[in-house]
file input.txt (compact mmCIF, C-alpha atoms)
# COMPACT_ATOMS: atom_id res chain seq x y z
CA MET A 1 -19.22 119.06 -76.72
CA SER A 2 -17.45 116.39 -78.69
CA GLU A 3 -14.12 117.21 -80.20
CA THR A 4 -15.38 115.81 -83.52
CA LYS A 5 -15.01 118.30 -86.35
CA ALA A 6 -17.82 118.84 -88.84
CA THR A 7 -17.03 118.08 -92.43
CA LEU A 8 -19.11 118.33 -95.57
CA ASN A 9 -20.53 114.83 -95.04
CA ASN A 10 -20.19 114.47 -91.28
CA PRO A 11 -23.11 115.92 -89.29
CA ILE A 12 -22.48 116.43 -85.57
CA TYR A 13 -25.79 115.46 -83.97
CA PRO A 14 -24.96 116.31 -80.31
CA VAL A 15 -24.25 119.92 -81.31
CA MET A 16 -27.38 120.06 -83.49
CA ILE A 17 -29.52 118.87 -80.57
CA ALA A 18 -27.79 121.10 -77.98
CA ILE A 19 -28.36 124.28 -80.02
CA GLY A 20 -31.95 123.16 -80.59
CA VAL A 21 -32.48 122.80 -76.83
CA ALA A 22 -30.91 126.23 -76.26
CA HIS A 23 -33.26 127.65 -78.92
CA LEU A 24 -36.21 126.09 -77.08
CA ILE A 25 -35.17 127.80 -73.85
CA ASN A 26 -34.54 131.13 -75.59
CA ASP A 27 -37.94 131.16 -77.29
CA THR A 28 -39.73 129.95 -74.15
CA MET A 29 -38.56 133.17 -72.51
CA GLN A 30 -39.85 135.18 -75.47
CA SER A 31 -43.16 133.29 -75.37
CA VAL A 32 -43.90 134.53 -71.85
CA VAL A 33 -44.77 137.93 -73.41
CA PRO A 34 -47.78 136.82 -75.53
CA ALA A 35 -48.69 134.35 -72.78
CA MET A 36 -49.23 137.35 -70.51
CA PHE A 37 -51.59 139.14 -72.92
CA PRO A 38 -54.89 137.82 -71.46
CA LEU A 39 -53.57 138.58 -67.96
CA LEU A 40 -52.47 142.12 -68.87
CA GLU A 41 -55.74 142.81 -70.67
CA ARG A 42 -57.73 141.58 -67.66
CA ASP A 43 -55.68 142.87 -64.71
CA LEU A 44 -54.06 146.06 -66.06
CA GLY A 45 -56.89 147.00 -68.43
CA LEU A 46 -54.61 147.26 -71.47
CA THR A 47 -56.26 147.67 -74.86
CA PHE A 48 -55.60 145.33 -77.78
CA THR A 49 -53.58 148.13 -79.39
CA GLU A 50 -51.39 148.45 -76.27
CA LEU A 51 -50.85 144.67 -76.28
CA GLY A 52 -49.92 144.91 -79.95
CA ILE A 53 -47.38 147.63 -79.16
CA ILE A 54 -45.71 145.37 -76.57
CA SER A 55 -45.33 142.66 -79.20
CA PHE A 56 -44.18 145.28 -81.72
CA VAL A 57 -41.40 146.59 -79.45
CA LEU A 58 -40.20 143.06 -78.65
CA ASN A 59 -40.19 141.75 -82.20
CA MET A 60 -39.27 144.88 -84.15
CA PHE A 61 -36.23 145.60 -81.97
CA SER A 62 -35.10 142.00 -82.46
CA SER A 63 -35.94 142.16 -86.16
CA ALA A 64 -33.86 145.27 -86.77
CA LEU A 65 -30.82 143.91 -84.93
CA GLN A 66 -30.74 140.35 -86.28
CA PRO A 67 -29.47 141.15 -89.81
CA VAL A 68 -26.88 143.48 -88.26
CA VAL A 69 -25.66 140.74 -85.91
CA GLY A 70 -25.62 138.28 -88.82
CA PHE A 71 -23.63 140.69 -91.03
CA VAL A 72 -21.08 141.36 -88.29
CA SER A 73 -20.73 137.67 -87.44
CA ASP A 74 -20.10 136.82 -91.11
CA LYS A 75 -17.02 139.06 -90.87
CA LYS A 76 -16.08 138.18 -87.29
CA PRO A 77 -17.92 135.24 -85.66
CA MET A 78 -18.83 135.82 -82.00
CA PRO A 79 -19.06 132.46 -80.17
CA PHE A 80 -19.63 133.93 -76.70
CA ALA A 81 -22.42 136.21 -77.94
CA LEU A 82 -24.72 133.22 -77.45
CA PRO A 83 -24.62 133.05 -73.60
CA ILE A 84 -24.42 136.87 -73.41
CA GLY A 85 -27.65 137.13 -75.40
CA MET A 86 -29.42 134.72 -73.07
CA MET A 87 -28.18 136.67 -70.05
CA SER A 88 -29.84 139.78 -71.53
CA SER A 89 -33.08 137.82 -71.90
CA PHE A 90 -32.75 136.68 -68.27
CA VAL A 91 -32.61 140.33 -67.18
CA GLY A 92 -35.57 141.23 -69.38
CA LEU A 93 -37.74 138.39 -68.11
CA THR A 94 -36.94 139.25 -64.50
CA MET A 95 -38.01 142.86 -65.13
CA LEU A 96 -41.20 141.68 -66.87
CA ILE A 97 -42.15 139.47 -63.93
CA LEU A 98 -41.80 142.44 -61.54
CA ALA A 99 -43.29 145.13 -63.83
CA GLU A 100 -46.54 146.77 -62.78
CA GLN A 101 -46.41 149.78 -65.09
CA TYR A 102 -46.74 149.85 -68.87
CA TRP A 103 -43.41 151.62 -69.51
CA LEU A 104 -41.56 149.00 -67.44
CA ILE A 105 -43.13 146.25 -69.52
CA LEU A 106 -41.88 147.98 -72.68
CA LEU A 107 -38.39 148.37 -71.19
CA SER A 108 -38.25 144.71 -70.18
CA VAL A 109 -39.14 143.49 -73.68
CA LEU A 110 -36.27 145.57 -75.08
CA PHE A 111 -33.85 143.40 -73.09
CA LEU A 112 -35.68 140.29 -74.30
CA GLY A 113 -35.54 141.55 -77.88
CA PHE A 114 -31.81 142.25 -77.65
CA GLY A 115 -31.14 138.76 -76.29
CA SER A 116 -33.16 137.19 -79.09
CA ALA A 117 -31.44 139.31 -81.75
CA VAL A 118 -28.00 138.18 -80.60
CA PHE A 119 -28.99 134.53 -80.21
CA HIS A 120 -30.73 133.73 -83.49
CA PRO A 121 -28.09 134.48 -86.18
CA GLU A 122 -25.28 132.91 -84.16
CA GLY A 123 -27.46 129.95 -83.22
CA SER A 124 -28.30 129.41 -86.89
CA ARG A 125 -24.57 129.56 -87.70
CA VAL A 126 -23.84 126.84 -85.11
CA SER A 127 -26.62 124.75 -86.67
CA PHE A 128 -25.03 125.22 -90.11
CA MET A 129 -21.51 124.43 -88.85
CA SER A 130 -22.69 121.15 -87.33
CA ALA A 131 -24.88 120.14 -90.30
CA GLY A 132 -22.45 118.41 -92.66
CA ASN A 133 -24.58 117.31 -95.63
CA LYS A 134 -27.84 117.52 -93.61
CA ARG A 135 -28.55 121.25 -93.84
CA GLY A 136 -32.32 120.88 -93.96
CA LEU A 137 -32.38 118.47 -91.02
CA ALA A 138 -29.98 120.60 -88.95
CA GLN A 139 -32.01 123.77 -89.53
CA SER A 140 -35.20 121.85 -88.69
CA ILE A 141 -33.81 120.62 -85.37
CA TYR A 142 -32.73 124.18 -84.58
CA GLN A 143 -36.09 125.70 -85.56
CA VAL A 144 -38.08 122.94 -83.86
CA GLY A 145 -36.43 124.00 -80.61
CA GLY A 146 -37.54 127.60 -81.12
CA ASN A 147 -41.05 126.70 -82.28
CA SER A 148 -41.45 124.33 -79.31
CA GLY A 149 -40.55 127.20 -76.98
CA GLN A 150 -43.09 129.45 -78.69
CA ALA A 151 -45.70 126.68 -78.51
CA LEU A 152 -45.42 126.70 -74.72
CA ALA A 153 -46.93 130.22 -74.60
CA PRO A 154 -50.59 129.14 -74.37
CA LEU A 155 -49.75 126.46 -71.79
CA ILE A 156 -47.80 128.99 -69.70
CA SER A 157 -50.82 131.31 -69.95
CA ALA A 158 -53.42 128.66 -69.13
CA PHE A 159 -51.69 126.66 -66.40
CA ILE A 160 -49.13 129.00 -64.82
CA LEU A 161 -50.03 132.66 -65.32
CA ASP A 162 -53.79 132.14 -65.00
CA VAL A 163 -53.16 130.42 -61.66
CA TYR A 164 -50.17 132.30 -60.19
CA GLY A 165 -50.25 135.63 -62.05
CA GLN A 166 -47.17 137.42 -63.41
CA ARG A 167 -44.91 136.03 -60.68
CA GLY A 168 -45.57 132.51 -61.97
CA ALA A 169 -43.27 133.21 -64.92
CA ALA A 170 -40.33 132.95 -62.51
CA ILE A 171 -40.41 129.20 -63.22
CA VAL A 172 -39.01 129.97 -66.67
CA LEU A 173 -35.97 131.64 -65.09
CA LEU A 174 -34.84 128.23 -63.83
CA LEU A 175 -34.76 127.01 -67.44
CA THR A 176 -32.73 130.08 -68.40
CA THR A 177 -29.84 129.19 -66.10
CA LEU A 178 -29.67 125.77 -67.78
CA GLY A 179 -29.70 127.49 -71.19
CA ILE A 180 -26.78 129.73 -70.27
CA ALA A 181 -24.75 126.69 -69.17
CA ILE A 182 -25.51 124.86 -72.45
CA LEU A 183 -24.55 127.92 -74.51
CA LEU A 184 -21.25 128.34 -72.67
CA LYS A 185 -20.36 124.78 -73.65
CA ILE A 186 -21.51 125.29 -77.26
CA SER A 187 -19.42 128.48 -77.43
CA ARG A 188 -16.28 126.57 -76.52
CA TRP A 189 -17.01 124.02 -79.28
CA TYR A 190 -17.68 126.93 -81.66
CA VAL A 191 -14.21 128.38 -80.93
CA ARG A 192 -12.54 125.03 -81.63
CA GLN A 193 -14.55 124.63 -84.84
CA LEU A 194 -13.51 128.08 -86.06
CA GLN A 195 -9.87 127.19 -85.45
CA ALA A 196 -10.30 123.97 -87.46
CA GLU A 197 -11.97 125.87 -90.30
CA LYS A 198 -9.14 128.41 -90.42
CA LEU A 199 -6.70 125.58 -91.06
CA ALA A 200 -8.88 124.39 -93.95
CA MET A 201 -9.33 127.87 -95.47
CA LYS A 202 -6.39 127.51 -97.81
CA LYS A 203 -9.00 126.27 -100.31
CA LYS A 204 -11.60 128.98 -99.82
CA LYS A 205 -14.81 127.12 -99.07
CA VAL A 206 -18.35 128.44 -99.36
CA LEU A 207 -21.63 126.68 -99.01
CA VAL A 208 -22.39 124.48 -102.02
CA SER A 209 -25.79 125.65 -103.29
CA SER A 210 -28.50 123.39 -104.69
CA LEU A 211 -29.72 126.29 -106.84
CA PRO A 212 -28.58 126.85 -110.44
CA PRO A 213 -26.27 129.81 -111.20
CA LEU A 214 -28.33 133.02 -110.82
CA THR A 215 -27.66 136.65 -111.78
CA LYS A 216 -27.73 139.34 -109.08
CA LYS A 217 -31.11 140.46 -110.41
CA GLN A 218 -32.52 136.93 -110.20
CA VAL A 219 -31.18 136.57 -106.64
CA GLY A 220 -32.79 139.90 -105.71
CA ILE A 221 -36.15 138.85 -107.15
CA ALA A 222 -35.99 135.47 -105.41
CA LEU A 223 -35.17 137.10 -102.07
CA THR A 224 -38.07 139.53 -102.53
CA LEU A 225 -40.47 136.63 -103.20
CA LEU A 226 -39.10 134.86 -100.13
CA MET A 227 -39.76 137.97 -98.03
CA VAL A 228 -43.37 138.08 -99.28
CA ILE A 229 -43.81 134.45 -98.20
CA ILE A 230 -42.30 135.16 -94.78
CA PHE A 231 -44.47 138.30 -94.44
CA ALA A 232 -47.74 136.47 -95.14
CA ARG A 233 -46.83 133.47 -92.98
CA SER A 234 -45.67 135.61 -90.03
CA PHE A 235 -48.66 137.95 -90.18
CA TYR A 236 -51.08 135.03 -90.24
CA THR A 237 -49.42 132.97 -87.50
CA THR A 238 -49.10 136.06 -85.27
CA ASN A 239 -52.85 136.49 -85.57
CA ILE A 240 -53.47 132.90 -84.49
CA THR A 241 -50.91 132.71 -81.68
CA ASN A 242 -51.49 136.16 -80.13
CA PHE A 243 -55.13 137.03 -80.75
CA TYR A 244 -57.19 134.06 -82.00
CA VAL A 245 -57.84 132.99 -78.40
CA PHE A 246 -60.00 136.11 -78.01
CA TYR A 247 -62.04 134.99 -81.05
CA LEU A 248 -62.46 131.52 -79.54
CA MET A 249 -63.73 133.05 -76.30
CA ASP A 250 -65.97 135.63 -78.00
CA HIS A 251 -67.37 133.60 -80.92
CA TYR A 252 -67.52 130.09 -79.43
CA ASP A 253 -67.78 130.92 -75.69
CA LEU A 254 -64.69 128.87 -74.84
CA THR A 255 -62.92 129.46 -71.54
CA LEU A 256 -59.47 131.07 -71.60
CA ARG A 257 -57.87 127.79 -70.59
CA LEU A 258 -59.58 125.71 -73.29
CA GLY A 259 -58.91 128.41 -75.89
CA GLN A 260 -55.21 128.36 -75.03
CA VAL A 261 -55.18 124.57 -75.39
CA PHE A 262 -56.47 125.05 -78.97
CA ILE A 263 -53.66 127.52 -79.66
CA PHE A 264 -51.10 125.15 -78.15
CA ILE A 265 -52.28 122.33 -80.44
CA PHE A 266 -51.91 124.66 -83.46
CA MET A 267 -48.37 125.57 -82.42
CA ALA A 268 -47.42 121.99 -81.51
CA CYS A 269 -48.48 120.89 -84.99
CA GLY A 270 -46.29 123.69 -86.33
CA VAL A 271 -43.36 122.13 -84.49
CA VAL A 272 -44.08 118.78 -86.15
CA GLY A 273 -44.33 120.43 -89.57
CA THR A 274 -41.08 122.34 -89.03
CA PHE A 275 -39.19 119.18 -88.12
CA PHE A 276 -40.32 117.12 -91.09
CA GLY A 277 -40.06 120.05 -93.50
CA GLY A 278 -36.30 120.38 -93.21
CA SER A 279 -35.46 116.70 -93.68
CA LEU A 280 -38.06 116.46 -96.47
CA SER A 281 -36.37 119.36 -98.28
CA ASP A 282 -33.09 117.41 -98.28
CA ARG A 283 -34.92 114.70 -100.24
CA ILE A 284 -37.39 116.47 -102.56
CA GLY A 285 -35.94 120.00 -102.76
CA ARG A 286 -36.45 123.33 -100.95
CA LYS A 287 -38.91 124.84 -103.44
CA ASN A 288 -41.16 121.75 -103.43
CA VAL A 289 -41.49 121.92 -99.64
CA ILE A 290 -42.22 125.65 -99.79
CA LEU A 291 -44.94 124.95 -102.39
CA LEU A 292 -46.42 122.25 -100.15
CA SER A 293 -46.68 124.81 -97.34
CA VAL A 294 -48.65 127.08 -99.70
CA VAL A 295 -51.03 124.75 -101.54
CA GLY A 296 -51.87 122.57 -98.52
CA PRO A 297 -53.12 125.05 -95.91
CA LEU A 298 -54.55 127.81 -98.14
CA PRO A 299 -58.19 126.61 -98.40
CA PHE A 300 -58.26 125.83 -94.69
CA CYS A 301 -56.98 129.33 -93.80
CA LEU A 302 -59.70 130.92 -95.95
CA LEU A 303 -62.51 128.84 -94.40
CA LEU A 304 -61.37 128.75 -90.73
CA PRO A 305 -63.43 131.78 -89.48
CA TYR A 306 -66.67 130.19 -90.71
CA MET A 307 -66.29 126.69 -89.30
CA PRO A 308 -68.27 125.19 -86.39
CA ILE A 309 -66.24 124.60 -83.25
CA TRP A 310 -65.94 120.84 -83.85
CA LEU A 311 -64.12 121.54 -87.13
CA VAL A 312 -62.00 124.42 -85.83
CA LEU A 313 -59.54 122.15 -84.04
CA ILE A 314 -59.14 119.91 -87.11
CA PHE A 315 -58.50 122.98 -89.29
CA LEU A 316 -55.96 124.35 -86.80
CA ILE A 317 -54.09 121.02 -86.84
CA ILE A 318 -53.94 121.00 -90.65
CA ILE A 319 -52.97 124.67 -90.97
CA GLY A 320 -50.39 124.53 -88.18
CA THR A 321 -48.67 121.46 -89.63
CA LEU A 322 -48.60 122.57 -93.27
CA ILE A 323 -48.01 126.32 -93.07
CA MET A 324 -44.94 125.80 -90.85
CA ILE A 325 -43.45 122.95 -92.89
CA SER A 326 -41.38 125.55 -94.78
CA PHE A 327 -40.24 127.53 -91.71
CA SER A 328 -36.69 126.17 -91.56
CA VAL A 329 -36.58 125.62 -95.32
CA THR A 330 -36.91 129.34 -96.13
CA VAL A 331 -33.78 130.00 -94.03
CA VAL A 332 -31.75 127.34 -95.88
CA TYR A 333 -33.13 128.51 -99.25
CA ALA A 334 -32.00 132.09 -98.51
CA GLN A 335 -28.55 130.85 -97.43
CA GLU A 336 -28.22 128.96 -100.71
CA LEU A 337 -29.29 132.05 -102.68
CA VAL A 338 -26.36 133.96 -101.11
CA PRO A 339 -23.96 131.19 -100.01
CA SER A 340 -21.20 133.56 -98.91
CA LYS A 341 -23.41 135.25 -96.28
CA ILE A 342 -24.70 132.49 -93.99
CA GLY A 343 -25.19 134.67 -90.88
CA THR A 344 -26.61 137.62 -92.81
CA MET A 345 -29.22 135.46 -94.56
CA ALA A 346 -30.19 133.74 -91.30
CA GLY A 347 -30.51 137.14 -89.61
CA LEU A 348 -32.44 138.58 -92.55
CA THR A 349 -35.00 135.77 -92.80
CA THR A 350 -35.59 135.21 -89.09
CA GLY A 351 -35.33 138.94 -88.36
CA PHE A 352 -37.83 139.74 -91.10
CA ALA A 353 -40.18 137.10 -89.67
CA PHE A 354 -39.91 138.75 -86.25
CA GLY A 355 -40.45 142.19 -87.79
CA MET A 356 -43.54 141.14 -89.72
CA GLY A 357 -44.88 139.52 -86.57
CA ALA A 358 -44.27 142.80 -84.75
CA ILE A 359 -46.07 144.90 -87.35
CA GLY A 360 -48.81 142.29 -87.55
CA ALA A 361 -49.40 142.48 -83.79
CA VAL A 362 -49.91 146.26 -83.92
CA VAL A 363 -52.10 146.19 -87.03
CA ILE A 364 -54.22 143.30 -85.76
CA GLY A 365 -54.53 144.88 -82.29
CA PHE A 366 -55.67 148.16 -83.90
CA LEU A 367 -58.23 146.34 -86.08
CA LEU A 368 -59.56 144.42 -83.10
CA ASP A 369 -60.18 147.68 -81.25
CA LYS A 370 -61.70 149.44 -84.28
CA ILE A 371 -63.79 146.87 -86.19
CA GLY A 372 -64.15 144.02 -83.71
CA ILE A 373 -62.84 140.51 -83.31
CA ALA A 374 -64.93 138.66 -85.93
CA SER A 375 -64.26 141.12 -88.77
CA THR A 376 -60.52 141.20 -88.03
CA ILE A 377 -60.20 137.40 -88.07
CA GLN A 378 -62.09 137.24 -91.38
CA ILE A 379 -59.82 139.85 -92.98
CA ILE A 380 -56.59 138.19 -91.83
CA SER A 381 -57.81 134.80 -93.09
CA ILE A 382 -57.47 136.10 -96.68
CA LEU A 383 -53.79 137.05 -96.27
CA PRO A 384 -52.30 133.59 -97.03
CA ILE A 385 -53.31 134.07 -100.69
CA LEU A 386 -50.02 136.01 -100.97
CA LEU A 387 -48.14 132.75 -100.40
CA VAL A 388 -48.81 131.72 -104.02
CA VAL A 389 -45.79 133.82 -105.10
CA ALA A 390 -43.80 130.72 -104.11
CA PHE A 391 -44.55 129.29 -107.57
CA PHE A 392 -42.17 131.89 -109.05
CA LEU A 393 -39.13 130.92 -106.93
CA PRO A 394 -36.14 129.41 -108.80
CA LYS A 395 -36.20 125.63 -108.78
CA ASP A 396 -33.42 123.93 -106.83
CA LYS A 397 -31.94 120.53 -107.58
CA VAL A 398 -31.98 117.63 -105.15
CA GLU A 399 -28.60 116.21 -104.19
CA LYS A 400 -28.39 112.47 -104.78
CA PRO A 401 -27.19 110.52 -101.76
CA ALA A 402 -23.64 109.19 -102.18

call {"tool": "encode", "arguments": {"input": "input.txt", "output": "structure tokens"}}
result
Amino acid sequence: MSETKATLNNPIYPVMIAIGVAHLINDTMQSVVPAMFPLLERDLGLTFTELGIISFVLNMFSSALQPVVGFVSDKKPMPFALPIGMMSSFVGLTMLILAEQYWLILLSVLFLGFGSAVFHPEGSRVSFMSAGNKRGLAQSIYQVGGNSGQALAPLISAFILDVYGQRGAAIVLLLTTLGIAILLKISRWYVRQLQAEKLAMKKKKVLVSSLPPLTKKQVGIALTLLMVIIFARSFYTTNITNFYVFYLMDHYDLTLRLGQVFIFIFMACGVVGTFFGGSLSDRIGRKNVILLSVVGPLPFCLLLPYMPIWLVLIFLIIIGTLIMISFSVTVVYAQELVPSKIGTMAGLTTGFAFGMGAIGAVVIGFLLDKIGIASTIQIISILPILLVVAFFLPKDKVEKPA
């Protein structure tokens, strides 16, 4: 990495992009798990509830650890935790590829969950450290990497696992070795950056917030509202990315491969929305972007289960783009609510998103088994109504360009 030091107005784009690429590789490994769901349901005879439990173990373990890692790293940053976390994911993915029993699958996703929990808060910190005055853009580049990795899940399922079976996921291990090498280099830059920041700490610096001064009670209420937004968004997107393919096959008679292409398009549009959302928030404000992600997709979410197939893809494009436009923005907004706890807020928001996705996978899997695919999709389509709590978030101010 370049020796250039980040300053308040000096973004370091090579580091931003490198951590984004590493995030892509990390989340590609995680995405192999839901990509295997149709295969596991078909070949091992797992129920939807059992598939939901796999996702629950992966995401809940990661969710519980991420705020802890963020809290610890706020007190003592851990540069080399980044490659160590990816090494844990490498072990987990290798075990998953070889697993033929349910308990081994659950054990393998624990290693994947641990790797993800270590990576995300520290990765978000690197993004912040390299951002300069482009916090929204930096967080978008970072999250676009992760969302791009997740978006590969349906393609991995349709074009690798459906053809080669579980062993086909070994291709992803080649990417992992590249990711470890990138993270080792980032870690060395991270160490140098920490040393530079220590020299500048004579004037104790914290993140300058775009929010007005808030009381502890107001901060608590705002964080609670933010968690409700993350809950509804995560629950809904988990339903689409993990289980909607079964609805496409059952209700519209699509093939697995074509159904997974639909899911990929939804997730790819989410990547686009995530990228533009962060830079847009630097210009028009965090709350305005969050509101856009609420008002825009809501009617489409409510109507999606009742649309003919020719409209389904159009609705998925609109929902995917708009509902994810606030994905990186909610992280930055939380960091600006509590500017002295950058790692903790990153761990809390992304960890909570993982946790809600985990709970959502179990609940949705249970509903699919108990009341059927169509009824479950119709019920979950109502959930985005909760996103309207965004109107009650404190308004931030937009920084004028110098």

call {"tool": "residues_around", "arguments": {"input": "input.txt", "residues": "Pro83 in chain A", "least_positions_apart": "4", "cutoff": "12 Å", "atoms": "only C-alpha atoms", "output": "ChimeraX atom specification"}}
result
/A:19,22-23,25-26,78-79,87-90,115-116,118-120,122-123,176-188

call {"tool": "atom_distance", "arguments": {"input": "input.txt", "atom1": "CA of Ala374 in chain A", "atom2": "CA of Phe56 in chain A"}}
result
22.2 Å

call {"tool": "residues_around", "arguments": {"input": "input.txt", "residues": "range 291-301 of chain A", "least_positions_apart": "2", "cutoff": "8 Å", "atoms": "all atoms listed in the file", "output": "list in words"}}
result
Lys287, Asn288, Val289, Leu303, Leu304, Phe315, Ile318, Ile319, Leu322, Ile323, Met324, Ile325, Ser326, Ser381, Ile382, Pro384, Ile385, Leu387, Val388, Ala390 and Phe391 of chain A

call {"tool": "write_last_selection", "arguments": {"input": "input.txt", "atoms": "C-alpha atoms", "output": "short mmCIF file (atom, residue, chain, number, x, y, z; two decimals), keeping the file's coordinate frame"}}
result
data_model
loop_
_atom_site.label_atom_id
_atom_site.label_comp_id
_atom_site.auth_asym_id
_atom_site.auth_seq_id
_atom_site.Cartn_x
_atom_site.Cartn_y
_atom_site.Cartn_z
CA LYS A 287 -38.91 124.84 -103.44
CA ASN A 288 -41.16 121.75 -103.43
CA VAL A 289 -41.49 121.92 -99.64
CA LEU A 303 -62.51 128.84 -94.40
CA LEU A 304 -61.37 128.75 -90.73
CA PHE A 315 -58.50 122.98 -89.29
CA ILE A 318 -53.94 121.00 -90.65
CA ILE A 319 -52.97 124.67 -90.97
CA LEU A 322 -48.60 122.57 -93.27
CA ILE A 323 -48.01 126.32 -93.07
CA MET A 324 -44.94 125.80 -90.85
CA ILE A 325 -43.45 122.95 -92.89
CA SER A 326 -41.38 125.55 -94.78
CA SER A 381 -57.81 134.80 -93.09
CA ILE A 382 -57.47 136.10 -96.68
CA PRO A 384 -52.30 133.59 -97.03
CA ILE A 385 -53.31 134.07 -100.69
CA LEU A 387 -48.14 132.75 -100.40
CA VAL A 388 -48.81 131.72 -104.02
CA ALA A 390 -43.80 130.72 -104.11
CA PHE A 391 -44.55 129.29 -107.57
#

call {"tool": "atom_distance", "arguments": {"input": "input.txt", "atom1": "CA of Leu256 in chain A", "atom2": "CA of Asn59 in chain A"}}
result
24.5 Å

call {"tool": "residues_around", "arguments": {"input": "input.txt", "residues": "Met227 in chain A", "least_positions_apart": "4", "cutoff": "10 Å", "atoms": "all atoms listed in the file", "output": "list in words"}}
result
Ile221, Ala222, Leu223, Phe231, Ala232, Arg233, Thr330, Ala334, Leu348, Thr349, Phe352, Ala353 and Met356 of chain A

call {"tool": "residues_around", "arguments": {"input": "input.txt", "residues": "Phe366 in chain A", "least_positions_apart": "6", "cutoff": "9 Å", "atoms": "all atoms listed in the file", "output": "list in words"}}
result
Phe48, Thr49, Glu50 and Gly52 of chain A

call {"tool": "atom_distance", "arguments": {"input": "input.txt", "atom1": "CA of Tyr164 in chain A", "atom2": "CA of Thr238 in chain A"}}
result
25.4 Å

call {"tool": "residues_near_point", "arguments": {"input": "input.txt", "point": "(-46.0, 137.5, -75.2)", "cutoff": "10 Å", "atoms": "all atoms listed in the file", "output": "number ranges by chain"}}
result
A: 28-38, 51-52, 54-55, 58, 109, 150, 153-154, 157, 241-242

call {"tool": "residues_around", "arguments": {"input": "input.txt", "residues": "Tyr102 in chain A", "least_positions_apart": "2", "cutoff": "12 Å", "atoms": "only C-alpha atoms", "output": "VMD selection string"}}
result
chain A and resid 40 to 41 44 to 47 50 to 51 53 to 54 95 to 96 98 to 100 104 to 109

call {"tool": "closest_residue", "arguments": {"input": "input.txt", "among": "A:Leu174, A:Ile379, A:Met16, A:Ile141", "to": "Pro305 in chain A", "atoms": "only C-alpha atoms"}}
result
A:Ile379

call {"tool": "closest_residue", "arguments": {"input": "input.txt", "among": "A:Tyr236, A:Ala151, A:Gln193, A:Ser279", "to": "Ile359 in chain A", "atoms": "all atoms listed in the file"}}
result
A:Tyr236

call {"tool": "closest_residue", "arguments": {"input": "input.txt", "among": "A:Ser124, A:Gly146, A:Asp43, A:Met60", "to": "Pro77 in chain A", "atoms": "only C-alpha atoms"}}
result
A:Ser124

call {"tool": "closest_residue", "arguments": {"input": "input.txt", "among": "A:Val272, A:Leu161, A:Phe243, A:Met249", "to": "Asp369 in chain A", "atoms": "all atoms listed in the file"}}
result
A:Phe243

call {"tool": "closest_residue", "arguments": {"input": "input.txt", "among": "A:Leu313, A:Leu258, A:Ile290, A:Val338", "to": "Leu393 in chain A", "atoms": "all atoms listed in the file"}}
result
A:Ile290

call {"tool": "closest_residue", "arguments": {"input": "input.txt", "among": "A:Met86, A:Met345, A:Ile240, A:Val15", "to": "Leu226 in chain A", "atoms": "only C-alpha atoms"}}
result
A:Met345

call {"tool": "build_atoms", "arguments": {"input": "input.txt", "residues": "range 138-148 of chain A", "atoms": "N, CA and C atoms", "output": "tab-separated table (two decimals), in the coordinates of the input"}}
result
chain	number	residue	atom	x	y	z
A	138	ALA	N	-30.60	119.81	-90.02
A	138	ALA	CA	-29.98	120.60	-88.95
A	138	ALA	C	-30.80	121.85	-88.66
A	139	GLN	N	-31.23	122.55	-89.73
A	139	GLN	CA	-32.01	123.77	-89.53
A	139	GLN	C	-33.37	123.43	-88.93
A	140	SER	N	-33.92	122.27	-89.27
A	140	SER	CA	-35.20	121.85	-88.69
A	140	SER	C	-35.08	121.60	-87.19
A	141	ILE	N	-34.01	120.88	-86.80
A	141	ILE	CA	-33.81	120.62	-85.37
A	141	ILE	C	-33.67	121.94	-84.62
A	142	TYR	N	-32.91	122.86	-85.21
A	142	TYR	CA	-32.73	124.18	-84.58
A	142	TYR	C	-34.07	124.91	-84.47
A	143	GLN	N	-34.83	124.96	-85.57
A	143	GLN	CA	-36.09	125.70	-85.56
A	143	GLN	C	-37.17	125.00	-84.74
A	144	VAL	N	-37.13	123.68	-84.69
A	144	VAL	CA	-38.08	122.94	-83.86
A	144	VAL	C	-37.91	123.34	-82.39
A	145	GLY	N	-36.66	123.53	-81.98
A	145	GLY	CA	-36.43	124.00	-80.61
A	145	GLY	C	-37.12	125.33	-80.36
A	146	GLY	N	-36.92	126.29	-81.29
A	146	GLY	CA	-37.54	127.60	-81.12
A	146	GLY	C	-39.05	127.53	-81.18
A	147	ASN	N	-39.59	126.79	-82.15
A	147	ASN	CA	-41.05	126.70	-82.28
A	147	ASN	C	-41.68	125.98	-81.08
A	148	SER	N	-40.95	125.02	-80.51
A	148	SER	CA	-41.45	124.33	-79.31
A	148	SER	C	-41.53	125.32	-78.15
